[in-house]
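Reproduced below: target38.cif, with mmCIF, N, CA and C atoms.
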data_entry
#
loop_
_atom_site.label_atom_id
_atom_site.label_comp_id
_atom_site.auth_asym_id
_atom_site.auth_seq_id
_atom_site.Cartn_x
_atom_site.Cartn_y
_atom_site.Cartn_z
N MET C 1 79.78 108.98 109.24
CA MET C 1 80.98 109.77 109.32
C MET C 1 80.66 111.15 109.90
N ALA C 2 79.55 111.72 109.48
CA ALA C 2 79.17 113.04 110.00
C ALA C 2 78.96 113.00 111.51
N GLN C 3 78.34 111.95 111.99
CA GLN C 3 78.11 111.80 113.43
C GLN C 3 79.45 111.64 114.18
N THR C 4 80.36 110.89 113.61
CA THR C 4 81.67 110.70 114.23
C THR C 4 82.44 112.01 114.29
N LEU C 5 82.44 112.77 113.18
CA LEU C 5 83.12 114.06 113.16
C LEU C 5 82.47 115.04 114.13
N SER C 6 81.17 114.98 114.25
CA SER C 6 80.48 115.82 115.23
C SER C 6 80.92 115.46 116.65
N GLY C 7 81.08 114.17 116.91
CA GLY C 7 81.56 113.72 118.22
C GLY C 7 82.97 114.20 118.49
N LEU C 8 83.84 114.19 117.46
CA LEU C 8 85.19 114.70 117.62
C LEU C 8 85.18 116.19 117.94
N SER C 9 84.30 116.90 117.28
CA SER C 9 84.17 118.33 117.55
C SER C 9 83.74 118.58 118.99
N THR C 10 82.79 117.79 119.46
CA THR C 10 82.32 117.91 120.85
C THR C 10 83.45 117.56 121.81
N ALA C 11 84.23 116.53 121.49
CA ALA C 11 85.36 116.15 122.34
C ALA C 11 86.40 117.26 122.40
N LEU C 12 86.68 117.88 121.27
CA LEU C 12 87.64 119.00 121.26
C LEU C 12 87.13 120.16 122.10
N GLN C 13 85.86 120.44 122.01
CA GLN C 13 85.27 121.52 122.82
C GLN C 13 85.42 121.19 124.30
N GLY C 14 85.17 119.95 124.66
CA GLY C 14 85.30 119.53 126.05
C GLY C 14 86.74 119.63 126.54
N ILE C 15 87.69 119.25 125.71
CA ILE C 15 89.11 119.34 126.08
C ILE C 15 89.50 120.81 126.29
N ALA C 16 89.03 121.69 125.42
CA ALA C 16 89.33 123.11 125.56
C ALA C 16 88.72 123.67 126.85
N GLU C 17 87.52 123.24 127.18
CA GLU C 17 86.89 123.70 128.41
C GLU C 17 87.63 123.18 129.64
N LEU C 18 88.12 121.92 129.58
CA LEU C 18 88.92 121.39 130.68
C LEU C 18 90.21 122.19 130.85
N ARG C 19 90.83 122.51 129.75
CA ARG C 19 92.06 123.29 129.81
C ARG C 19 91.80 124.66 130.44
N ASN C 20 90.71 125.29 130.06
CA ASN C 20 90.39 126.60 130.62
C ASN C 20 90.03 126.51 132.10
N ALA C 21 89.38 125.44 132.49
CA ALA C 21 88.94 125.31 133.88
C ALA C 21 90.05 124.78 134.78
N CYS C 22 90.87 123.87 134.29
CA CYS C 22 91.82 123.17 135.16
C CYS C 22 93.28 123.34 134.77
N GLY C 23 93.56 123.81 133.59
CA GLY C 23 94.93 123.82 133.12
C GLY C 23 95.77 124.95 133.67
N PHE C 24 97.08 124.73 133.69
CA PHE C 24 97.99 125.77 134.16
C PHE C 24 98.13 126.88 133.12
N ALA C 25 97.74 126.61 131.88
CA ALA C 25 97.79 127.61 130.82
C ALA C 25 96.40 128.13 130.49
N SER C 26 95.51 128.08 131.48
CA SER C 26 94.12 128.45 131.23
C SER C 26 93.96 129.96 131.15
N HIS C 27 92.88 130.35 130.55
CA HIS C 27 92.54 131.76 130.43
C HIS C 27 91.64 132.14 131.60
N GLY C 28 91.68 133.42 131.95
CA GLY C 28 90.76 133.86 133.00
C GLY C 28 91.49 134.37 134.21
N ALA C 29 90.76 134.48 135.29
CA ALA C 29 91.28 135.07 136.52
C ALA C 29 92.34 134.18 137.15
N ASP C 30 93.29 134.85 137.83
CA ASP C 30 94.28 134.10 138.59
C ASP C 30 93.62 133.57 139.85
N GLY C 31 94.06 132.47 140.28
CA GLY C 31 93.51 131.90 141.49
C GLY C 31 93.56 130.40 141.43
N PRO C 32 93.15 129.76 142.49
CA PRO C 32 93.20 128.30 142.51
C PRO C 32 92.25 127.69 141.48
N ARG C 33 92.70 126.64 140.88
CA ARG C 33 91.91 125.92 139.88
C ARG C 33 91.73 124.49 140.36
N PRO C 34 90.61 123.89 140.01
CA PRO C 34 90.44 122.49 140.39
C PRO C 34 91.48 121.62 139.69
N VAL C 35 91.90 120.58 140.34
CA VAL C 35 92.90 119.67 139.79
C VAL C 35 92.20 118.41 139.31
N MET C 36 92.54 117.98 138.09
CA MET C 36 91.96 116.75 137.56
C MET C 36 92.69 115.56 138.17
N GLU C 37 91.96 114.50 138.33
CA GLU C 37 92.59 113.26 138.78
C GLU C 37 93.37 112.66 137.62
N GLY C 38 94.26 111.76 137.92
CA GLY C 38 95.13 111.16 136.91
C GLY C 38 94.37 110.53 135.76
N ALA C 39 93.31 109.79 136.06
CA ALA C 39 92.54 109.11 135.01
C ALA C 39 91.85 110.11 134.10
N GLN C 40 91.36 111.21 134.68
CA GLN C 40 90.71 112.24 133.87
C GLN C 40 91.72 112.95 132.97
N ALA C 41 92.89 113.26 133.54
CA ALA C 41 93.93 113.93 132.75
C ALA C 41 94.40 113.02 131.62
N LEU C 42 94.54 111.73 131.91
CA LEU C 42 94.96 110.77 130.90
C LEU C 42 93.93 110.68 129.77
N LEU C 43 92.66 110.65 130.12
CA LEU C 43 91.59 110.61 129.12
C LEU C 43 91.65 111.84 128.23
N ALA C 44 91.80 113.01 128.82
CA ALA C 44 91.85 114.25 128.04
C ALA C 44 93.08 114.26 127.12
N ALA C 45 94.22 113.85 127.65
CA ALA C 45 95.45 113.86 126.86
C ALA C 45 95.38 112.85 125.71
N GLN C 46 94.89 111.65 125.98
CA GLN C 46 94.82 110.64 124.92
C GLN C 46 93.76 110.99 123.88
N ALA C 47 92.68 111.61 124.32
CA ALA C 47 91.65 112.03 123.35
C ALA C 47 92.21 113.12 122.44
N ALA C 48 92.91 114.09 123.03
CA ALA C 48 93.52 115.15 122.23
C ALA C 48 94.55 114.56 121.26
N ASP C 49 95.37 113.63 121.74
CA ASP C 49 96.38 113.00 120.91
C ASP C 49 95.75 112.25 119.74
N ALA C 50 94.69 111.53 120.00
CA ALA C 50 94.02 110.76 118.95
C ALA C 50 93.41 111.70 117.89
N ILE C 51 92.79 112.77 118.34
CA ILE C 51 92.16 113.71 117.39
C ILE C 51 93.22 114.42 116.56
N VAL C 52 94.26 114.92 117.21
CA VAL C 52 95.31 115.61 116.48
C VAL C 52 96.02 114.64 115.53
N GLY C 53 96.26 113.42 115.96
CA GLY C 53 96.88 112.43 115.09
C GLY C 53 96.04 112.14 113.86
N PHE C 54 94.73 112.02 114.07
CA PHE C 54 93.81 111.79 112.95
C PHE C 54 93.86 112.96 111.97
N LEU C 55 93.77 114.19 112.47
CA LEU C 55 93.78 115.37 111.61
C LEU C 55 95.11 115.48 110.85
N HIS C 56 96.20 115.16 111.53
CA HIS C 56 97.51 115.21 110.89
C HIS C 56 97.60 114.18 109.76
N ARG C 57 97.14 112.97 110.00
CA ARG C 57 97.18 111.93 108.96
C ARG C 57 96.31 112.32 107.76
N VAL C 58 95.14 112.89 108.03
CA VAL C 58 94.27 113.32 106.93
C VAL C 58 94.96 114.42 106.13
N HIS C 59 95.59 115.36 106.83
CA HIS C 59 96.30 116.44 106.15
C HIS C 59 97.42 115.89 105.28
N ARG C 60 98.23 114.98 105.81
CA ARG C 60 99.33 114.39 105.04
C ARG C 60 98.81 113.60 103.85
N GLN C 61 97.70 112.90 104.06
CA GLN C 61 97.12 112.12 102.97
C GLN C 61 96.65 113.05 101.86
N GLU C 62 96.06 114.18 102.21
CA GLU C 62 95.62 115.13 101.20
C GLU C 62 96.80 115.70 100.43
N GLN C 63 97.94 115.86 101.10
CA GLN C 63 99.13 116.38 100.44
C GLN C 63 99.73 115.37 99.47
N THR C 64 99.73 114.09 99.83
CA THR C 64 100.38 113.08 98.98
C THR C 64 99.45 112.53 97.91
N VAL C 65 98.17 112.53 98.14
CA VAL C 65 97.23 112.04 97.12
C VAL C 65 96.76 113.27 96.35
N SER C 66 97.66 113.77 95.50
CA SER C 66 97.37 115.00 94.80
C SER C 66 96.83 114.77 93.39
N SER C 67 96.63 113.54 93.02
CA SER C 67 96.11 113.28 91.68
C SER C 67 94.69 112.73 91.75
N ASP C 68 93.88 113.17 90.79
CA ASP C 68 92.53 112.65 90.71
C ASP C 68 92.51 111.31 89.97
N VAL C 69 93.50 111.12 89.12
CA VAL C 69 93.59 109.92 88.30
C VAL C 69 94.92 109.24 88.60
N ARG C 70 94.93 107.95 88.55
CA ARG C 70 96.17 107.21 88.79
C ARG C 70 97.20 107.60 87.73
N LEU C 71 98.39 107.89 88.18
CA LEU C 71 99.47 108.31 87.30
C LEU C 71 100.06 107.09 86.61
N GLU C 72 100.08 107.12 85.28
CA GLU C 72 100.64 106.02 84.49
C GLU C 72 101.76 106.57 83.61
N TYR C 73 102.87 105.89 83.62
CA TYR C 73 104.04 106.31 82.84
C TYR C 73 103.72 106.42 81.35
N ALA C 74 103.06 105.42 80.81
CA ALA C 74 102.79 105.37 79.38
C ALA C 74 101.82 106.46 78.91
N ASP C 75 101.09 107.06 79.82
CA ASP C 75 100.13 108.11 79.46
C ASP C 75 100.79 109.46 79.20
N ASN C 76 102.09 109.58 79.45
CA ASN C 76 102.76 110.88 79.37
C ASN C 76 103.99 110.83 78.46
N GLU C 77 103.84 110.26 77.30
CA GLU C 77 104.97 110.04 76.40
C GLU C 77 105.65 111.35 75.99
N GLU C 78 104.88 112.40 75.74
CA GLU C 78 105.47 113.69 75.35
C GLU C 78 106.36 114.24 76.48
N PHE C 79 105.86 114.18 77.70
CA PHE C 79 106.66 114.62 78.85
C PHE C 79 107.87 113.71 79.03
N ASN C 80 107.68 112.41 78.90
CA ASN C 80 108.80 111.47 79.03
C ASN C 80 109.90 111.79 78.02
N ASP C 81 109.52 112.08 76.77
CA ASP C 81 110.50 112.45 75.75
C ASP C 81 111.22 113.74 76.14
N TYR C 82 110.48 114.69 76.70
CA TYR C 82 111.08 115.95 77.15
C TYR C 82 112.14 115.70 78.23
N VAL C 83 111.81 114.86 79.21
CA VAL C 83 112.76 114.53 80.28
C VAL C 83 113.97 113.80 79.69
N ASP C 84 113.72 112.86 78.80
CA ASP C 84 114.81 112.08 78.20
C ASP C 84 115.76 112.95 77.37
N GLU C 85 115.22 113.96 76.71
CA GLU C 85 116.05 114.86 75.91
C GLU C 85 116.88 115.78 76.81
N ALA C 86 116.34 116.12 77.96
CA ALA C 86 117.02 117.04 78.88
C ALA C 86 118.10 116.36 79.72
N HIS C 87 118.07 115.03 79.79
CA HIS C 87 119.00 114.29 80.65
C HIS C 87 119.59 113.12 79.88
N GLU C 88 120.80 112.75 80.27
CA GLU C 88 121.49 111.65 79.59
C GLU C 88 120.91 110.30 80.01
N THR C 89 121.03 109.35 79.09
CA THR C 89 120.62 107.98 79.37
C THR C 89 121.44 107.45 80.54
N ILE C 90 120.83 106.66 81.38
CA ILE C 90 121.51 106.10 82.55
C ILE C 90 121.96 104.68 82.22
N PHE C 91 123.27 104.45 82.37
CA PHE C 91 123.84 103.14 82.07
C PHE C 91 124.25 102.45 83.36
N ILE C 92 123.82 101.21 83.53
CA ILE C 92 124.24 100.37 84.65
C ILE C 92 124.61 99.02 84.05
N PHE C 93 125.89 98.67 84.20
CA PHE C 93 126.44 97.48 83.55
C PHE C 93 126.14 97.56 82.05
N ASP C 94 125.51 96.57 81.49
CA ASP C 94 125.21 96.58 80.06
C ASP C 94 123.79 97.05 79.77
N LEU C 95 123.16 97.61 80.75
CA LEU C 95 121.77 98.05 80.59
C LEU C 95 121.70 99.57 80.51
N ASP C 96 120.74 100.05 79.71
CA ASP C 96 120.51 101.50 79.67
C ASP C 96 119.04 101.78 80.02
N TYR C 97 118.87 102.91 80.72
CA TYR C 97 117.54 103.29 81.22
C TYR C 97 117.21 104.71 80.80
N ARG C 98 115.95 104.92 80.47
CA ARG C 98 115.46 106.25 80.15
C ARG C 98 115.39 107.07 81.45
N PRO C 99 115.88 108.30 81.45
CA PRO C 99 115.78 109.13 82.66
C PRO C 99 114.35 109.30 83.15
N SER C 100 113.41 109.43 82.24
CA SER C 100 112.02 109.59 82.64
C SER C 100 111.50 108.34 83.36
N ASP C 101 111.91 107.18 82.89
CA ASP C 101 111.50 105.92 83.51
C ASP C 101 112.10 105.79 84.91
N VAL C 102 113.36 106.17 85.04
CA VAL C 102 114.01 106.11 86.35
C VAL C 102 113.31 107.06 87.31
N LEU C 103 113.07 108.30 86.88
CA LEU C 103 112.40 109.27 87.74
C LEU C 103 111.02 108.77 88.16
N PHE C 104 110.27 108.25 87.21
CA PHE C 104 108.92 107.74 87.51
C PHE C 104 108.96 106.65 88.58
N ASN C 105 109.91 105.74 88.46
CA ASN C 105 109.95 104.60 89.37
C ASN C 105 110.68 104.86 90.68
N VAL C 106 111.55 105.86 90.71
CA VAL C 106 112.31 106.14 91.92
C VAL C 106 111.63 107.18 92.79
N ASP C 107 111.09 108.24 92.19
CA ASP C 107 110.47 109.31 92.97
C ASP C 107 109.22 109.82 92.24
N ARG C 108 108.13 109.12 92.45
CA ARG C 108 106.90 109.41 91.73
C ARG C 108 106.36 110.81 92.01
N GLU C 109 106.55 111.32 93.23
CA GLU C 109 106.04 112.65 93.55
C GLU C 109 106.81 113.74 92.80
N VAL C 110 108.11 113.58 92.65
CA VAL C 110 108.90 114.54 91.86
C VAL C 110 108.48 114.46 90.40
N TYR C 111 108.27 113.25 89.90
CA TYR C 111 107.79 113.06 88.53
C TYR C 111 106.46 113.78 88.34
N ARG C 112 105.54 113.57 89.28
CA ARG C 112 104.20 114.19 89.21
C ARG C 112 104.31 115.71 89.22
N SER C 113 105.16 116.24 90.09
CA SER C 113 105.34 117.68 90.20
C SER C 113 105.93 118.26 88.92
N ALA C 114 106.95 117.62 88.37
CA ALA C 114 107.57 118.08 87.13
C ALA C 114 106.58 117.98 85.97
N LEU C 115 105.77 116.94 85.95
CA LEU C 115 104.74 116.79 84.92
C LEU C 115 103.73 117.93 84.99
N LYS C 116 103.30 118.29 86.19
CA LYS C 116 102.35 119.40 86.34
C LYS C 116 102.95 120.71 85.85
N GLU C 117 104.22 120.96 86.17
CA GLU C 117 104.89 122.17 85.68
C GLU C 117 104.97 122.16 84.16
N TYR C 118 105.33 121.01 83.60
CA TYR C 118 105.44 120.87 82.15
C TYR C 118 104.07 121.13 81.49
N GLU C 119 103.03 120.57 82.05
CA GLU C 119 101.69 120.77 81.49
C GLU C 119 101.26 122.23 81.60
N ALA C 120 101.58 122.88 82.72
CA ALA C 120 101.24 124.29 82.90
C ALA C 120 101.96 125.16 81.88
N GLU C 121 103.25 124.87 81.65
CA GLU C 121 104.01 125.62 80.65
C GLU C 121 103.50 125.35 79.24
N SER C 122 103.08 124.14 78.97
CA SER C 122 102.56 123.79 77.65
C SER C 122 101.25 124.51 77.37
N GLU C 123 100.47 124.75 78.41
CA GLU C 123 99.20 125.47 78.23
C GLU C 123 99.44 126.94 77.95
N VAL C 124 100.51 127.52 78.44
CA VAL C 124 100.81 128.93 78.27
C VAL C 124 101.34 129.22 76.88
N GLU C 125 102.13 128.31 76.30
CA GLU C 125 102.80 128.54 75.02
C GLU C 125 101.85 128.94 73.90
N PRO C 126 100.70 128.29 73.67
CA PRO C 126 99.83 128.72 72.58
C PRO C 126 99.33 130.15 72.75
N ASP C 127 99.13 130.61 73.96
CA ASP C 127 98.64 131.96 74.20
C ASP C 127 99.70 133.01 73.88
N GLU C 128 100.99 132.63 74.03
CA GLU C 128 102.07 133.56 73.77
C GLU C 128 102.12 133.92 72.28
N ASP C 129 101.83 132.98 71.41
CA ASP C 129 101.83 133.22 69.97
C ASP C 129 100.40 133.18 69.48
N ASN C 130 99.73 134.31 69.57
CA ASN C 130 98.30 134.33 69.23
C ASN C 130 98.06 134.69 67.78
N GLY C 131 99.14 134.69 66.97
CA GLY C 131 98.96 134.91 65.54
C GLY C 131 98.99 136.37 65.16
N THR C 132 99.11 137.28 66.10
CA THR C 132 99.16 138.69 65.79
C THR C 132 100.60 139.14 65.74
N SER C 133 100.84 140.20 65.06
CA SER C 133 102.19 140.71 64.91
C SER C 133 102.20 142.17 65.28
N ASP C 134 103.32 142.63 65.84
CA ASP C 134 103.46 144.03 66.20
C ASP C 134 104.04 144.83 65.04
N GLU C 135 104.34 144.16 63.92
CA GLU C 135 104.93 144.87 62.77
C GLU C 135 103.92 145.89 62.26
N GLY C 136 104.41 147.09 62.04
CA GLY C 136 103.56 148.14 61.48
C GLY C 136 102.65 148.77 62.50
N ALA C 137 102.67 148.31 63.74
CA ALA C 137 101.81 148.91 64.75
C ALA C 137 102.45 150.18 65.27
N THR C 138 101.63 151.12 65.58
CA THR C 138 102.14 152.37 66.16
C THR C 138 102.00 152.30 67.65
N PRO C 139 103.05 152.76 68.36
CA PRO C 139 102.98 152.69 69.82
C PRO C 139 101.99 153.65 70.40
#
For this file, write the structure as structure tokens.
Amino acid sequence: MAQTLSGLSTALQGIAELRNACGFASHGADGPRPVMEGAQALLAAQAADAIVGFLHRVHRQEQTVSSDVRLEYADNEEFNDYVDEAHETIFIFDLDYRPSDVLFNVDREVYRSALKEYEAESEVEPDEDNGTSDEGATP
């Protein structure tokens, strides 16, 4: 993988040098620039497209795979109860569904995000009540 990524880096450097030497948006002195043949221009364009596409997919994958551990509904019963208390039960025909279950199964990323917020707030609460009192304290 390291060798492949090094090759991609070299390819990007080469594309940048071609752009500077031959491109209409190149840097440097004004004047005539060599023109690439169609096959060379196609190679440069497709190489750039492949590299940018790869980097974009990796970036999107990093954004969506935000958990280190597989998210399981049953592992978050306290959060599920919190969601269920905050929202009404969902009725469809003669069936009723827990709001937390619906959220988990319909939009897992929103569930994950709300769970993270809930966990962050839960971590703050014990620090807010540290057992000390301001009664009798002088300002």
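Across the model, the gap from atom N of Asp107 of chain C to atom C of Glu121 of chain C is 22.8 Å.
Counting from atom N of Ile90 of chain C, the distance to atom C of Ser122 of chain C is 26.8 Å.
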Choose the residue, out of C:Ile92, C:Leu5, C:Val83, C:Leu71, that has the smallest atom-to-atom separation from Arg112 of chain C; count all atoms listed in the file.
->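 Between C:Ile92, C:Leu5, C:Val83, C:Leu71, the residue approaching Arg112 of chain C most closely is C:Leu71.
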From segment 43-134 of chain C, collect each residue whose DSSP state is strand (DSSP E) and return the set as JSON, numbers by chain.
-> {"C": [90, 91, 92, 95, 96, 97]}
Could you check which of C:Ser100, C:Gln61, C:Thr89, C:Asn20 is closest to Asn76 of chain C, using only C-alpha atoms?
->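 When distances to Asn76 of chain C are compared using only C-alpha atoms, the smallest one comes from C:Ser100.
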What do you get, as a list in words, if you spell out every residue that the PyMOL selection byres (((chain C and resi 47-54 and name CA) around 8) and name CA) selects here?
->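 On this input, the PyMOL selection byres (((chain C and resi 47-54 and name CA) around 8) and name CA) captures Leu8, Ala11, Leu12, Ile15, Leu43, Ala44, Ala45, Gln46, Leu55, His56, Arg57 and Val58 of chain C.
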Kindly save the residues from that selection, with N, CA and C atoms included, as a CSV table (one decimal), keeping the file's coordinate frame.
chain,number,residue,atom,x,y,z
C,8,LEU,N,83.8,114.2,117.5
C,8,LEU,CA,85.2,114.7,117.6
C,8,LEU,C,85.2,116.2,117.9
C,11,ALA,N,84.2,116.5,121.5
C,11,ALA,CA,85.4,116.2,122.3
C,11,ALA,C,86.4,117.3,122.4
C,12,LEU,N,86.7,117.9,121.3
C,12,LEU,CA,87.6,119.0,121.3
C,12,LEU,C,87.1,120.2,122.1
C,15,ILE,N,87.7,119.2,125.7
C,15,ILE,CA,89.1,119.3,126.1
C,15,ILE,C,89.5,120.8,126.3
C,43,LEU,N,92.7,110.6,130.1
C,43,LEU,CA,91.6,110.6,129.1
C,43,LEU,C,91.6,111.8,128.2
C,44,ALA,N,91.8,113.0,128.8
C,44,ALA,CA,91.8,114.2,128.0
C,44,ALA,C,93.1,114.3,127.1
C,45,ALA,N,94.2,113.8,127.6
C,45,ALA,CA,95.4,113.9,126.9
C,45,ALA,C,95.4,112.8,125.7
C,46,GLN,N,94.9,111.6,126.0
C,46,GLN,CA,94.8,110.6,124.9
C,46,GLN,C,93.8,111.0,123.9
C,55,LEU,N,93.8,114.2,112.5
C,55,LEU,CA,93.8,115.4,111.6
C,55,LEU,C,95.1,115.5,110.8
C,56,HIS,N,96.2,115.2,111.5
C,56,HIS,CA,97.5,115.2,110.9
C,56,HIS,C,97.6,114.2,109.8
C,57,ARG,N,97.1,113.0,110.0
C,57,ARG,CA,97.2,111.9,109.0
C,57,ARG,C,96.3,112.3,107.8
C,58,VAL,N,95.1,112.9,108.0
C,58,VAL,CA,94.3,113.3,106.9
C,58,VAL,C,95.0,114.4,106.1
What is the atom CA of Cys22 of chain C-atom C of Pro34 of chain C distance in Å, reported with one decimal?
-> 4.8 Å
Which of C:Gly23, C:Met1, C:Ala16, C:Asp84 sits closest to Asp101 of chain C [using only N, CA and C atoms] | C:Asp84
